[in-house]
Amino acid sequence: MTTTPRSIGVGLISVGWMGKLHARAYSTIPYVYPELGIEPRLVIAADTEPSRIDFARDVLGFAEGTTDYREVLAHPEVDVVSICAPNFLHAEIGIAAAQAGKHFWIEKPVGRGAEETNAVREAAAAAGVVTSIGYNYRHAPAVEHARRLVAEGKLGRITNVRAAFFSGYASEPNGALSWRFDRRLAGTGVLADLFSHAADLCQYVLGPVAEITALTNTVYTQRPKIPMGTGTHFAVIEDGEMGDVENEDYAAALVRFGPSARGAGAVGTIEASRVAVGPECGYQIEVYGTEGSLKWDFERMNELKVCLGRNNDEQGYTTVNASPKHGDYARFQPGPGNSMGFDDLKVIEAKKFLLAVAGGEQANSNINDAASAAAIVSAAETSAETGQWQKLEEIDGTTAARA
């Protein structure tokens with residue numbers, strides 16, 4: 001017997017690279033997860049650039065387009081909204097979406113700091129809407145397997161962790177002074193952009209961070225100016241007028257995990273850089289325990305290095321290929337060695353979001369996770385300024401791993 005699919009009307013705000021990924025992820029749901037009976041319907045997309053609106057209608061398949069995001073939120077056929085606008089608009093649009101009663105999937109950072117993020121959290125709670133945050137790396141099947149190994153105690157008592165997110169998108173000294181380097185528009189620099197991802201991954205795998213001390217550094221204090229909306233931070237400008245970089249290029253922290261964490265009492269380091277030469281998306285986590293350890297690097301997303309046992313005849317790491325036994329891998333590939341990619345992680349993220357909207361499993365990252373990551377970023381920035389350890393209060397309702 002067949003059932004009528006549940007239609008969920010989708011609105012999109014900003015049709016850039018990430019907006020296109022969201023749209024494709026929604027469209028893929030009926031093919032990858034047919035048993036859910038969910039049929040996303042692309043209703044309306046908003047962008048300030050008319051050519052992007054045309055692309056949303058003609059290529060992505062949205063029925064309507066607009067230059068005003070408020071029309072997306074007011075549309076009666078829209079049930080869920082994807083917010084993919086630049087960082088400085090996230091809080092404004094997130095609050096407006098909640099007040100309009102629309103469930104929303106928003107890219108990180110949700111706000112330019114903990115205050116804005118908490119304002120969105122309060123609005124979402126007051127409206128009772130479902131939220132999802134763009135921490136897509138946590139959905140990699142190898143990461144889900146790592147989380148399970150920790151939960152099952154296969155590594156023994158967790159002693160320490162190392163996490164890092166190194167990228168080279170700002171390694172060019174003549175890279176344009178885009179909005180990402182403007183504190184008014186972006187808030188913090190690499191802390192909000194990359195460090196927050198690493199902090200979220202640590203909490204997803206091990207549990208809530210309770211204490212942190214950090215330092216930051218700005219490697220390139222000036223960059224050539226570029227008119228707003230005419231390029232990206234990848235643009236290179238020779239002999240241009242220089243302007244000041246207002247936030248940090250590099251951050252490093254020592255952390256301690258709280259008593260509710262699966263890694264309770266464990267310590268670790270978190271690093272992030274946007275000016276590294278070499279790594280392009282070097283997003284890594286290493287977890288060490290009394291009975292074993294594991295390593296994962298996004299640049300080799302479908303592999304997990306695992307060592308279990310202290311007294312084996314064969315010491316060292318075994319490379320475990322992601323397989324249908326891990327996470328949602330089987331939805332995309334039939335067997336090990338057939339690699340998944342970044343875009344597939346957004347499909348998993350869309351599935352978790354829509355399933356929660358439909359009243360199913362609440363496994364999606366949510367606004368509480370965003371608030372927790374923002375609190376870590378804020379504490380790291382305060383510690384870098386004062387040189388003092390900062391304590392963190394545990395936030396309820398997150399998906400952090402707990403004992």
# chains A, B, ... in the order shown; residues from 1 in each chain; ligands from 1
>>> closest_atom_pairs(of="segment 93-169 of chain A", to="segment 360-382 of chain A", cutoff="12 Å", atoms="only C-alpha atoms", output="CSV")
residue,atom,partner,partner_atom,distance
A:Gly94,CA,A:Ile367,CA,10.2
A:Ile95,CA,A:Ile367,CA,11.6
A:Ala98,CA,A:Ile367,CA,11.5
A:His103,CA,A:Asn366,CA,11.1
A:Phe104,CA,A:Asn366,CA,9.8
A:Trp105,CA,A:Asn366,CA,8.7
A:Ile106,CA,A:Ile367,CA,9.0
A:Glu107,CA,A:Ala370,CA,9.7
A:Lys108,CA,A:Ala370,CA,7.5
A:Pro109,CA,A:Ala370,CA,7.3
A:Val110,CA,A:Ala370,CA,6.7
A:Gly111,CA,A:Ala374,CA,8.1
A:Arg112,CA,A:Ala374,CA,8.7
A:Gly113,CA,A:Ala374,CA,6.0
A:Ala114,CA,A:Ala374,CA,4.9
A:Glu115,CA,A:Ala374,CA,8.7
A:Glu116,CA,A:Ala371,CA,9.3
A:Thr117,CA,A:Ala371,CA,5.8
A:Asn118,CA,A:Ala371,CA,6.1
A:Ala119,CA,A:Ala371,CA,9.5
A:Val120,CA,A:Ile367,CA,7.8
A:Arg121,CA,A:Ile367,CA,5.7
A:Glu122,CA,A:Ile367,CA,9.3
A:Ala123,CA,A:Ile367,CA,10.3
A:Ala124,CA,A:Ile367,CA,7.9
A:Ala125,CA,A:Ile367,CA,9.1
A:Gly128,CA,A:Ile367,CA,11.7
A:Val129,CA,A:Ile367,CA,10.3
A:Val130,CA,A:Asn366,CA,7.8
A:Thr131,CA,A:Asn366,CA,5.2
A:Ser132,CA,A:Asn366,CA,4.5
A:Ile133,CA,A:Ser365,CA,5.6
A:Gly134,CA,A:Ser365,CA,7.9
A:Tyr135,CA,A:Ser365,CA,7.1
A:Asn136,CA,A:Ser365,CA,8.9
A:Tyr137,CA,A:Ser365,CA,11.2
A:Arg138,CA,A:Ser365,CA,9.2
A:His139,CA,A:Asn364,CA,9.7
>>> select_by_dssp(residues="segment 25-229 of chain A", states="helix (DSSP H, G or I)", output="ChimeraX atom specification")
/A:25-32,34-36,50-60,69-74,87-99,114-127,136-139,141-151,179-181,183-186,190-205
>>> residues_around(residues="Ala146 of chain A", least_positions_apart="3", cutoff="10 Å", atoms="only C-alpha atoms", output="list in words")
Ala140, Pro141, Ala142, Val143, Leu149, Val150, Ala151, Glu152, Lys154, Leu155, Val205, Leu206, Ile285, Glu286, Val287, Ser293, Leu294, Lys295, Trp296, Leu304, Lys305, Val306 and His326 of chain A
>>> closest_residue(among="A:Met340, A:Val59, A:Ala198, A:Ala85", to="Met18 of chain A", atoms="only C-alpha atoms")
A:Ala85
>>> atom_distance(atom1="atom CA of Arg52 of chain A", atom2="atom CA of Val15 of chain A")
6.0 Å
>>> atom_distance(atom1="atom CA of Phe257 of chain A", atom2="atom CA of Ala210 of chain A")
5.2 Å
